[in-house]
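For reference, model-v7.txt (compact mmCIF, C-alpha atoms):
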```txt
# COMPACT_ATOMS: atom_id res chain seq x y z
CA MET A 1 107.79 133.43 212.46
CA SER A 2 107.73 133.76 208.67
CA GLU A 3 105.48 130.67 208.43
CA LEU A 4 103.14 132.16 211.01
CA ARG A 5 102.95 135.42 209.08
CA SER A 6 102.26 133.49 205.85
CA ALA A 7 99.43 131.61 207.52
CA LEU A 8 97.94 134.87 208.78
CA ASP A 9 98.20 136.34 205.29
CA GLU A 10 96.27 133.36 203.91
CA LEU A 11 93.59 133.81 206.55
CA ALA A 12 93.29 137.51 205.77
CA ALA A 13 92.85 136.68 202.09
CA LEU A 14 89.87 134.36 202.71
CA ASP A 15 86.63 135.43 201.09
CA LEU A 16 84.35 135.02 204.10
CA ALA A 17 81.27 135.83 202.03
CA GLU A 18 81.67 132.55 200.16
CA LEU A 19 81.62 130.42 203.33
CA SER A 20 78.46 128.77 204.59
CA ASP A 21 77.07 129.56 208.01
CA ASP A 22 78.52 126.36 209.47
CA ALA A 23 81.90 127.05 207.88
CA VAL A 24 82.00 130.59 209.27
CA LEU A 25 81.11 129.37 212.75
CA ASP A 26 83.75 126.63 212.55
CA LEU A 27 86.30 129.22 211.48
CA VAL A 28 85.39 131.51 214.38
CA GLY A 29 85.81 128.59 216.80
CA GLU A 30 89.19 127.65 215.36
CA LEU A 31 90.42 131.22 215.37
CA SER A 32 89.28 131.64 218.97
CA THR A 33 91.42 128.65 220.00
CA VAL A 34 94.37 129.92 217.98
CA ALA A 35 94.03 133.35 219.57
CA ASN A 36 94.11 131.74 223.02
CA ARG A 37 97.26 129.81 222.13
CA VAL A 38 98.96 132.90 220.75
CA ALA A 39 98.03 134.80 223.92
CA ALA A 40 99.58 132.01 225.99
CA VAL A 41 102.83 132.15 224.02
CA LEU A 42 102.85 135.94 224.34
CA THR A 43 102.42 135.65 228.10
CA SER A 44 105.31 133.19 228.31
CA ALA A 45 107.56 135.37 226.15
CA VAL A 46 106.74 138.42 228.23
CA ARG A 47 107.62 136.47 231.36
CA VAL A 48 111.02 135.50 229.96
CA ALA A 49 111.75 139.11 228.98
CA ASP A 50 110.53 140.28 232.39
CA ARG A 51 112.75 137.81 234.24
CA ARG A 52 115.80 138.79 232.19
CA GLU A 53 114.97 142.51 232.48
CA ALA A 54 115.40 142.68 228.70
CA TYR A 55 113.36 145.89 228.66
CA ARG A 56 116.43 147.76 229.93
CA ARG A 57 117.88 147.30 226.45
CA ASP A 58 115.44 149.97 225.25
CA GLY A 59 115.73 152.16 228.35
CA ALA A 60 112.37 151.14 229.81
CA VAL A 61 111.85 151.07 233.56
CA SER A 62 109.77 147.87 233.59
CA MET A 63 108.25 145.26 231.32
CA LYS A 64 104.88 146.96 231.74
CA SER A 65 106.17 150.31 230.53
CA TRP A 66 107.99 148.61 227.63
CA LEU A 67 104.78 146.91 226.50
CA ARG A 68 102.92 150.20 226.69
CA GLY A 69 105.53 152.11 224.73
CA SER A 70 106.94 149.61 222.27
CA CYS A 71 103.86 147.47 221.62
CA ARG A 72 101.29 150.24 222.19
CA LEU A 73 99.29 148.24 224.75
CA ALA A 74 96.86 149.86 227.15
CA PRO A 75 98.19 150.11 230.73
CA GLU A 76 95.71 147.61 232.11
CA GLU A 77 96.47 145.13 229.32
CA ALA A 78 100.22 145.36 229.91
CA THR A 79 99.72 144.88 233.65
CA ALA A 80 97.51 141.84 233.10
CA ILE A 81 100.02 140.08 230.83
CA VAL A 82 102.99 140.69 233.11
CA SER A 83 101.10 139.67 236.25
CA SER A 84 99.66 136.53 234.64
CA GLY A 85 103.10 135.52 233.37
CA ARG A 86 104.61 135.80 236.83
CA ARG A 87 101.96 133.76 238.63
CA ILE A 88 101.00 131.16 236.06
CA GLU A 89 104.43 129.56 236.46
CA GLN A 90 103.24 128.00 239.71
CA LEU A 91 99.99 126.76 238.12
CA PRO A 92 100.97 124.05 235.60
CA ALA A 93 97.41 122.84 234.98
CA THR A 94 96.17 126.33 234.20
CA ALA A 95 99.24 127.01 232.07
CA ALA A 96 98.67 123.80 230.09
CA ALA A 97 95.00 124.65 229.45
CA PHE A 98 96.01 128.14 228.33
CA ALA A 99 98.77 126.85 226.04
CA ALA A 100 96.34 124.38 224.44
CA GLY A 101 93.89 127.19 223.72
CA GLU A 102 91.25 125.63 225.95
CA ILE A 103 90.87 128.73 228.12
CA THR A 104 91.15 132.42 227.30
CA ALA A 105 93.57 135.00 228.62
CA VAL A 106 90.72 136.35 230.75
CA HIS A 107 90.22 132.91 232.37
CA ALA A 108 93.94 132.76 233.12
CA ARG A 109 93.88 136.27 234.53
CA VAL A 110 90.92 135.48 236.80
CA ILE A 111 92.77 132.50 238.28
CA THR A 112 96.25 134.04 238.54
CA CYS A 113 94.86 137.27 240.03
CA ALA A 114 93.57 135.34 243.03
CA MET A 115 96.79 133.38 243.57
CA THR A 116 98.60 136.03 245.56
CA PRO A 117 101.67 134.94 247.56
CA GLY A 118 99.82 135.59 250.80
CA ARG A 119 96.84 133.46 249.86
CA VAL A 120 99.02 130.64 248.59
CA THR A 121 100.90 130.64 251.90
CA LYS A 122 97.70 130.71 253.92
CA ALA A 123 96.25 127.85 251.88
CA ALA A 124 99.38 125.77 252.50
CA GLU A 125 99.08 126.44 256.23
CA ALA A 126 95.50 125.16 256.08
CA GLY A 127 96.64 121.98 254.31
CA ILE A 128 95.17 122.97 250.95
CA GLU A 129 97.46 121.85 248.15
CA LEU A 130 98.06 124.44 245.44
CA ALA A 131 98.44 121.72 242.81
CA GLU A 132 95.00 120.34 243.60
CA THR A 133 93.44 123.80 243.52
CA ASP A 134 95.15 124.47 240.21
CA VAL A 135 93.66 121.36 238.62
CA ILE A 136 90.16 122.13 239.91
CA LEU A 137 90.17 125.74 238.73
CA ALA A 138 91.69 124.89 235.35
CA ASP A 139 88.96 122.30 234.78
CA LEU A 140 86.32 124.83 235.85
CA ALA A 141 87.71 127.37 233.39
CA ARG A 142 87.51 124.84 230.54
CA LYS A 143 83.78 124.41 231.14
CA THR A 144 82.58 127.89 232.08
CA THR A 145 82.72 131.54 231.09
CA PRO A 146 85.26 133.85 232.78
CA HIS A 147 82.48 135.29 234.96
CA GLU A 148 81.44 131.84 236.16
CA THR A 149 85.06 130.90 236.73
CA LYS A 150 85.45 134.03 238.81
CA GLN A 151 82.62 132.91 241.08
CA GLY A 152 84.43 129.63 241.72
CA VAL A 153 87.67 131.49 242.40
CA LYS A 154 85.82 133.77 244.83
CA ARG A 155 84.58 130.73 246.74
CA TRP A 156 88.16 129.48 247.02
CA VAL A 157 89.31 132.90 248.24
CA ALA A 158 86.48 133.05 250.77
CA GLY A 159 87.54 129.70 252.16
CA ILE A 160 91.17 130.81 252.45
CA ASP A 161 90.58 134.35 253.67
CA PRO A 162 86.98 134.55 254.97
CA ASP A 163 87.42 137.85 256.78
CA GLY A 164 89.16 139.56 253.93
CA THR A 165 92.02 140.50 256.22
CA LEU A 166 94.75 139.25 253.94
CA GLY A 167 96.27 142.27 252.24
CA GLU A 168 98.76 142.56 249.46
CA ALA A 169 100.93 145.54 248.75
CA ALA A 170 100.09 145.49 245.05
CA ASP A 171 96.34 145.57 245.71
CA VAL A 172 95.72 149.30 246.11
CA ARG A 173 92.50 150.02 247.98
CA ARG A 174 91.71 153.20 246.03
CA ARG A 175 91.85 153.49 242.25
CA PHE A 176 90.83 156.32 239.98
CA SER A 177 91.63 156.69 236.29
CA MET A 178 90.73 159.09 233.49
CA ALA A 179 91.07 158.16 229.83
CA ASP A 180 90.31 159.83 226.52
CA GLY A 181 87.46 158.14 224.68
CA LEU A 182 87.19 157.76 220.93
CA ASP A 183 84.06 159.91 221.07
CA GLY A 184 85.96 162.98 222.26
CA ARG A 185 84.70 162.62 225.82
CA VAL A 186 86.82 161.75 228.86
CA HIS A 187 85.82 158.59 230.70
CA VAL A 188 86.46 158.05 234.41
CA ARG A 189 86.61 154.86 236.39
CA GLY A 190 87.47 154.06 239.96
CA GLU A 191 86.87 152.30 243.24
CA PHE A 192 87.29 153.44 246.84
CA ASP A 193 87.40 151.96 250.29
CA PRO A 194 84.37 152.84 252.48
CA VAL A 195 86.12 155.65 254.39
CA GLY A 196 87.59 157.27 251.29
CA ALA A 197 84.24 157.05 249.53
CA GLU A 198 82.54 158.66 252.51
CA TYR A 199 84.86 161.67 252.33
CA LEU A 200 84.19 162.06 248.62
CA HIS A 201 80.44 161.54 248.96
CA THR A 202 80.16 164.11 251.76
CA ALA A 203 82.05 166.76 249.78
CA LEU A 204 80.03 166.14 246.63
CA ALA A 205 76.74 166.10 248.54
CA ALA A 206 77.53 169.50 250.04
CA LEU A 207 78.06 171.00 246.59
CA MET A 208 75.03 169.23 245.14
CA ASN A 209 72.69 170.40 247.88
CA GLY A 210 73.86 173.99 247.36
CA ASP A 211 72.68 173.90 243.74
CA ARG A 212 69.24 172.30 243.44
CA PRO A 213 67.01 174.62 241.38
CA ALA A 214 63.27 174.04 241.53
CA GLY A 215 61.96 172.01 238.65
CA GLY A 216 65.41 170.79 237.63
CA THR A 217 65.46 167.75 235.35
CA ARG A 218 69.12 166.76 235.66
CA SER A 219 69.82 163.29 237.01
CA HIS A 220 71.66 162.45 240.23
CA ALA A 221 74.67 161.29 238.21
CA GLU A 222 74.77 164.59 236.30
CA HIS A 223 74.63 166.56 239.56
CA GLN A 224 77.45 164.45 240.99
CA ALA A 225 79.62 165.06 237.92
CA ASP A 226 79.04 168.82 238.16
CA ALA A 227 79.91 168.72 241.85
CA LEU A 228 83.15 166.83 241.20
CA VAL A 229 84.24 169.44 238.63
CA ALA A 230 83.28 172.23 241.05
CA LEU A 231 85.31 170.55 243.78
CA ALA A 232 88.40 170.45 241.57
CA ARG A 233 87.93 174.01 240.32
CA GLY A 234 87.48 175.28 243.87
CA ALA A 235 90.73 173.62 244.91
CA LEU A 236 92.57 175.23 241.97
CA ASP A 237 91.06 178.67 242.60
CA GLY A 238 91.67 178.46 246.34
CA GLY A 239 95.45 178.35 245.94
CA SER A 240 95.90 175.66 248.59
CA LEU A 241 97.30 173.02 246.23
CA PRO A 242 101.09 172.53 246.09
CA ASP A 243 103.03 174.22 243.29
CA VAL A 244 103.96 172.12 240.25
CA ARG A 245 107.39 172.83 238.77
CA GLY A 246 107.52 176.29 240.33
CA GLU A 247 104.03 177.35 239.27
CA ARG A 248 100.58 177.21 240.77
CA PRO A 249 98.65 174.34 239.18
CA HIS A 250 96.43 175.66 236.43
CA VAL A 251 94.35 174.56 233.47
CA ARG A 252 96.35 175.28 230.31
CA VAL A 253 94.52 176.16 227.11
CA THR A 254 96.51 176.63 223.92
CA ILE A 255 94.90 178.47 221.00
CA ASP A 256 96.13 180.52 218.08
CA TRP A 257 95.76 184.25 218.74
CA GLN A 258 93.84 184.82 215.51
CA ALA A 259 91.51 181.94 216.38
CA LEU A 260 90.96 183.44 219.84
CA CYS A 261 89.99 186.78 218.29
CA ALA A 262 87.93 185.34 215.41
CA ALA A 263 84.16 185.56 215.26
CA ARG A 264 82.06 182.61 216.34
CA GLY A 265 81.73 180.09 213.52
CA ALA A 266 84.39 181.73 211.36
CA ALA A 267 85.52 179.44 208.54
CA GLY A 268 89.05 178.06 208.52
CA VAL A 269 89.70 178.73 212.21
CA SER A 270 91.45 175.96 214.11
CA GLY A 271 90.40 174.97 217.59
CA GLY A 272 92.31 175.10 220.82
CA SER A 273 93.87 172.39 222.94
CA LEU A 274 93.81 171.51 226.62
CA GLY A 275 97.04 170.43 228.25
CA TRP A 276 95.78 166.95 229.12
CA ALA A 277 92.43 166.31 227.42
CA GLY A 278 93.58 167.52 224.00
CA PRO A 279 91.69 169.35 221.21
CA ILE A 280 88.65 171.52 221.92
CA CYS A 281 86.58 173.76 219.64
CA PRO A 282 87.51 177.47 219.36
CA GLU A 283 84.42 178.63 221.23
CA THR A 284 85.24 176.44 224.23
CA ALA A 285 88.74 177.92 224.30
CA ARG A 286 87.28 181.42 224.14
CA ARG A 287 84.95 180.62 227.03
CA LEU A 288 87.85 179.47 229.18
CA ALA A 289 89.84 182.57 228.19
CA CYS A 290 87.09 184.84 229.56
CA ASP A 291 88.28 184.16 233.09
CA ALA A 292 91.98 183.42 232.66
CA GLY A 293 95.40 184.92 232.49
CA VAL A 294 96.70 185.03 228.91
CA VAL A 295 100.34 184.16 228.24
CA ARG A 296 101.71 184.88 224.79
CA VAL A 297 104.04 182.30 223.20
CA VAL A 298 105.50 183.44 219.88
CA THR A 299 105.94 180.65 217.34
CA GLY A 300 107.60 180.40 213.98
CA PRO A 301 105.93 179.59 210.64
CA ASP A 302 106.19 175.87 211.46
CA GLY A 303 104.12 176.34 214.60
CA LEU A 304 106.95 175.54 217.00
CA PRO A 305 107.85 177.93 219.88
CA LEU A 306 110.70 180.26 218.96
CA ASP A 307 114.09 180.15 220.66
CA VAL A 308 115.00 182.30 223.64
CA SER A 309 118.33 183.43 225.01
CA ARG A 310 120.85 181.55 227.09
CA ALA A 311 120.27 183.88 230.02
CA GLN A 312 120.14 181.25 232.74
CA ARG A 313 120.76 177.59 233.38
CA THR A 314 117.31 176.66 234.70
CA ALA A 315 114.38 176.89 232.32
CA THR A 316 112.03 179.76 233.08
CA ALA A 317 108.30 179.18 233.44
CA ALA A 318 107.84 180.66 229.95
CA ILE A 319 110.39 178.31 228.38
CA ARG A 320 108.91 175.36 230.18
CA ARG A 321 105.42 176.26 229.02
CA ALA A 322 106.61 176.46 225.42
CA VAL A 323 108.41 173.11 225.64
CA GLU A 324 105.30 171.51 227.17
CA ILE A 325 103.15 172.83 224.32
CA ARG A 326 105.54 171.37 221.74
CA ASP A 327 106.34 167.99 223.35
CA GLY A 328 103.16 167.15 225.27
CA HIS A 329 104.82 164.41 227.34
CA CYS A 330 108.19 162.75 228.00
CA VAL A 331 109.91 162.46 224.62
CA PHE A 332 111.89 159.29 225.43
CA ALA A 333 110.78 156.47 223.11
CA GLY A 334 107.78 154.59 224.47
CA CYS A 335 107.16 156.95 227.41
CA ASP A 336 104.01 159.02 227.84
CA ALA A 337 104.66 160.52 231.27
CA PRO A 338 102.72 163.82 231.53
CA PRO A 339 104.50 167.20 231.67
CA GLU A 340 103.90 167.48 235.42
CA TRP A 341 106.28 164.55 235.95
CA CYS A 342 108.99 165.87 233.64
CA ASP A 343 112.10 168.05 233.74
CA VAL A 344 113.28 170.28 230.90
CA HIS A 345 116.44 168.50 229.74
CA HIS A 346 119.27 170.30 227.89
CA VAL A 347 119.77 168.28 224.69
CA VAL A 348 123.22 169.87 224.40
CA HIS A 349 124.41 170.19 227.98
CA TRP A 350 124.71 173.66 229.49
CA ALA A 351 128.36 173.01 230.34
CA HIS A 352 129.02 172.25 226.67
CA GLY A 353 127.55 175.52 225.46
CA GLY A 354 123.95 174.41 225.12
CA PRO A 355 121.50 177.28 225.61
CA THR A 356 118.55 177.26 227.96
CA SER A 357 115.98 177.50 225.21
CA CYS A 358 112.94 175.90 223.67
CA ASP A 359 115.00 174.56 220.81
CA ASN A 360 117.55 172.94 223.13
CA GLY A 361 114.97 171.73 225.65
CA ALA A 362 113.26 168.36 225.89
CA LEU A 363 110.66 167.04 228.31
CA LEU A 364 112.00 163.97 230.13
CA CYS A 365 110.53 162.20 233.14
CA GLU A 366 112.86 161.63 236.07
CA ARG A 367 113.65 158.05 235.09
CA HIS A 368 114.55 158.91 231.50
CA HIS A 369 116.28 162.14 232.45
CA THR A 370 118.57 159.96 234.54
CA ALA A 371 118.89 157.48 231.66
CA CYS A 372 120.11 160.27 229.37
CA HIS A 373 122.63 161.67 231.86
CA GLU A 374 123.89 158.57 233.63
CA GLY A 375 122.62 155.72 231.47
CA GLY A 376 124.24 156.58 228.15
CA PHE A 377 120.99 157.27 226.28
CA SER A 378 120.35 160.47 224.34
CA VAL A 379 117.49 162.17 222.53
CA SER A 380 117.42 164.36 219.44
CA ARG A 381 114.73 166.22 217.53
CA ASP A 382 114.28 166.57 213.80
CA PRO A 383 114.89 170.27 213.07
CA GLY A 384 111.73 172.30 212.72
CA THR A 385 109.47 169.49 213.93
CA SER A 386 108.24 167.94 217.15
CA THR A 387 109.52 164.47 216.16
CA TRP A 388 111.97 163.01 218.67
CA HIS A 389 114.39 160.08 218.44
CA THR A 390 115.97 158.08 221.27
CA TRP A 391 119.46 156.64 220.92
CA ARG A 392 121.33 153.98 222.88
CA SER A 393 124.95 154.46 223.90
CA ASP A 394 126.05 152.28 220.94
CA GLY A 395 124.40 154.68 218.48
CA THR A 396 121.40 152.49 217.62
CA GLU A 397 117.93 153.94 217.79
CA VAL A 398 115.20 152.71 220.14
CA LEU A 399 112.29 151.88 217.83
CA SER A 400 108.87 150.35 218.32
CA ARG A 401 108.98 146.55 218.29
CA ALA A 402 105.37 146.19 217.29
CA GLY A 403 104.55 145.34 213.72
CA PRO A 404 102.97 147.83 211.32
```

Please express the file's structure as structure tokens.
Amino acid sequence: MSELRSALDELAALDLAELSDDAVLDLVGELSTVANRVAAVLTSAVRVADRREAYRRDGAVSMKSWLRGSCRLAPEEATAIVSSGRRIEQLPATAAAFAAGEITAVHARVITCAMTPGRVTKAAEAGIELAETDVILADLARKTTPHETKQGVKRWVAGIDPDGTLGEAADVRRRFSMADGLDGRVHVRGEFDPVGAEYLHTALAALMNGDRPAGGTRSHAEHQADALVALARGALDGGSLPDVRGERPHVRVTIDWQALCAARGAAGVSGGSLGWAGPICPETARRLACDAGVVRVVTGPDGLPLDVSRAQRTATAAIRRAVEIRDGHCVFAGCDAPPEWCDVHHVVHWAHGGPTSCDNGALLCERHHTACHEGGFSVSRDPGTSTWHTWRSDGTEVLSRAGP
């Protein structure tokens, strides 16, 4: 590994401005092949760790969650690597092309994604040899782009499962995700089956048709987005949604009291923060506060919620709200489970004299709450901060495995 790092250091030190056009292009080609080979080794290493369940060493629930937490990978990237590693084992030709750097990780993913256990079984029943299919698709991937390879894979799938009746438990029919963008906006992405989409379309159309002012210039997409927000807000206001941790679900806005009371555009005033989407400007927070219940949380000079008494064993809604504001998500190393999935854990157990308080509370998802009580793990917080540490039963700390 030290030799690899030295080689990377040499590459980073290259003065690219001094290279000719041909030399730069040659370098890009070589680096592309090297990147493919490194991705192949990474996929193999992840597969070994996945098979051994090595992620349990750090208290993770799966290899996917370990990659997300310890290597800071995006959820979809972690899923792709783990899934490709599991399926490429039965595709030696594809694995060899990947290891040689002849195809990209996307090529490998396109092929392995289609090789579900059900389809492989159905192909065998039809007399179609997996080894032969593997060779054909690997050769196709060497010669074409991932998109073109996908078309060839689709033709193979259509021949195996023409009616599309072959299901797989891991292939969820409905998907919807929301992610923070680097531009401060929230980006949504999803796909629905025809029936689910019809329900959604009908509800949105009803709201859209009820608000169509004459001469409006807003696009259909903009109207749909407004209708989706109105649908969610109506559900929250209607009170028909299930309670979350003993409270009605609500939009939480956190803002300093002085900032809330300050004049518009006042200098030196910090903004507010939404529970999930994060920072917002002071004026947006004030707008939301116009039609909201205000809950006061007293904090110390360091900005952390102050302690409360040991009056009861279960955290009150006020204590929980304060802990959520401080922690933001599950505090176990590598976990980003949202507050809605978490319990308020007593760092020092109640039975051992630990108070039910903000200072002694920690947000832990169910899996990691269990890990701390029954699995020998523990968490601790640096005094006066919101920095948490996770410890194994042998006293060693769970740290990120990714390089700086």

Inset, instruction - Check the smallest atom-to-atom distance from each of A:Val323, A:Trp276, A:Pro339, A:Ala49 to Met178 of chain A using all atoms listed in the file, then report the winner. - result: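 When distances to Met178 of chain A are compared using all atoms listed in the file, the smallest one comes from A:Trp276.
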
Inset, instruction - Write out as a PyMOL selection string which residues come within 12 Å of segment 115-120 of chain A when counting all atoms listed in the file, dropping same-chain ones fewer than 2 positions away. - result: chain A and resi 83-84+86-91+94+108-113+122-131+133-134+137+153-154+156-162+164-171

Any idea what's packed within 7 Å of segment 342-344 of chain A, counting all atoms listed in the file, ignoring anything in its chain fewer than 3 positions away? Could you give it as a PDB file with C-alpha atoms, in the coordinates of the input?
```pdb
ATOM      1  CA  ALA A 315     114.380 176.890 232.320  1.00  0.00           C
ATOM      2  CA  ARG A 320     108.910 175.360 230.180  1.00  0.00           C
ATOM      3  CA  CYS A 330     108.190 162.750 228.000  1.00  0.00           C
ATOM      4  CA  PRO A 338     102.720 163.820 231.530  1.00  0.00           C
ATOM      5  CA  PRO A 339     104.500 167.200 231.670  1.00  0.00           C
ATOM      6  CA  GLY A 361     114.970 171.730 225.650  1.00  0.00           C
ATOM      7  CA  ALA A 362     113.260 168.360 225.890  1.00  0.00           C
ATOM      8  CA  LEU A 363     110.660 167.040 228.310  1.00  0.00           C
ATOM      9  CA  LEU A 364     112.000 163.970 230.130  1.00  0.00           C
ATOM     10  CA  CYS A 365     110.530 162.200 233.140  1.00  0.00           C
ATOM     11  CA  GLU A 366     112.860 161.630 236.070  1.00  0.00           C
TER      12      GLU A 366
END
```

Legend entry - His223 of chain A surroundings by all atoms listed in the file, 10 Å radius, close-in-sequence under 3 positions cut, as a list in words: Leu204, Ala205, Leu207, Met208, Asn209, Asp211, Arg212, Arg218, Ser219, His220, Asp226, Ala227 and Leu228 of chain A

Inset, instruction - Could you check which of A:His147, A:Arg252, A:Gly239, A:Thr390 is closest to Cys335 of chain A, using only C-alpha atoms? - result: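 Among the listed residues, the smallest separation from Cys335 of chain A belongs to A:Thr390.
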
Legend entry - Atom-to-atom span, atom CA of Arg189 of chain A and atom CA of Ile255 of chain A, Å: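 According to the coordinates, atom CA of Arg189 of chain A and atom CA of Ile255 of chain A are separated by 29.4 Å.
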
Legend entry - Between atom CA of Leu11 of chain A and atom CA of Leu42 of chain A - distance in Å to one decimal: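 Interatomic distance here is 20.2 Å.
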
Legend entry - Top pick for closest residue to Asp50 of chain A, considering A:Leu67, A:Ala333, A:Ala267, A:Val229 and counting all atoms listed in the file: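 Distance minimum relative to Asp50 of chain A lands on A:Leu67.
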
Inset, instruction - Please provide as a PyMOL selection string all residues within 8 Å of segment 269-272 of chain A, with the sequence filter that same-chain residues fewer than 5 positions apart are discarded (counting all atoms listed in the file). - result: chain A and resi 253-256+259+262+279-285

Inset, instruction - Considering all atoms listed in the file, state which residue in the set A:Asp237, A:Asp183, A:Asp58, A:Glu222 is at the smallest distance from His368 of chain A. - result: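 When distances to His368 of chain A are compared using all atoms listed in the file, the smallest one comes from A:Asp58.
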
Legend entry - Selected residue of minimal separation from Ala60 of chain A among A:Ala206, A:Val398, A:Ala17, A:Leu27, counting only C-alpha atoms: A:Val398

Inset, instruction - Choose the residue, out of A:Gly375, A:Tyr199, A:Gly334, A:Glu102, that has the smallest atom-to-atom separation from Gly29 of chain A; count all atoms listed in the file. - result: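 The closest residue to Gly29 of chain A is A:Glu102.
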
Inset, instruction - May I have the residues within 12 Å of segment 31-33 of chain A as a list in words, using only C-alpha atoms and disregarding those fewer than 5 positions away in the same chain? - result: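 Near segment 31-33 of chain A, the qualifying residues are Ala7, Leu8, Leu11, Ala12, Val24, Leu25, Asp26, Val38, Ala39, Ala40, Ala97, Phe98, Ala99, Ala100, Gly101, Glu102, Ile103, Thr104, Ala105 and Arg142 of chain A.
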
Inset, instruction - Enumerate, as an NGL selection string, the protein, DNA and RNA residues whose atoms approach (122.7, 158.0, 222.1) to within 9 Å, taking into account all atoms listed in the file and the coordinate frame of the file. - result: :A and (372 or 376-380 or 390-397)

Legend entry - Length of the atom CA of Glu3 of chain A to atom CA of Arg401 of chain A vector [Å]: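 These atoms are spaced 19.0 Å apart.
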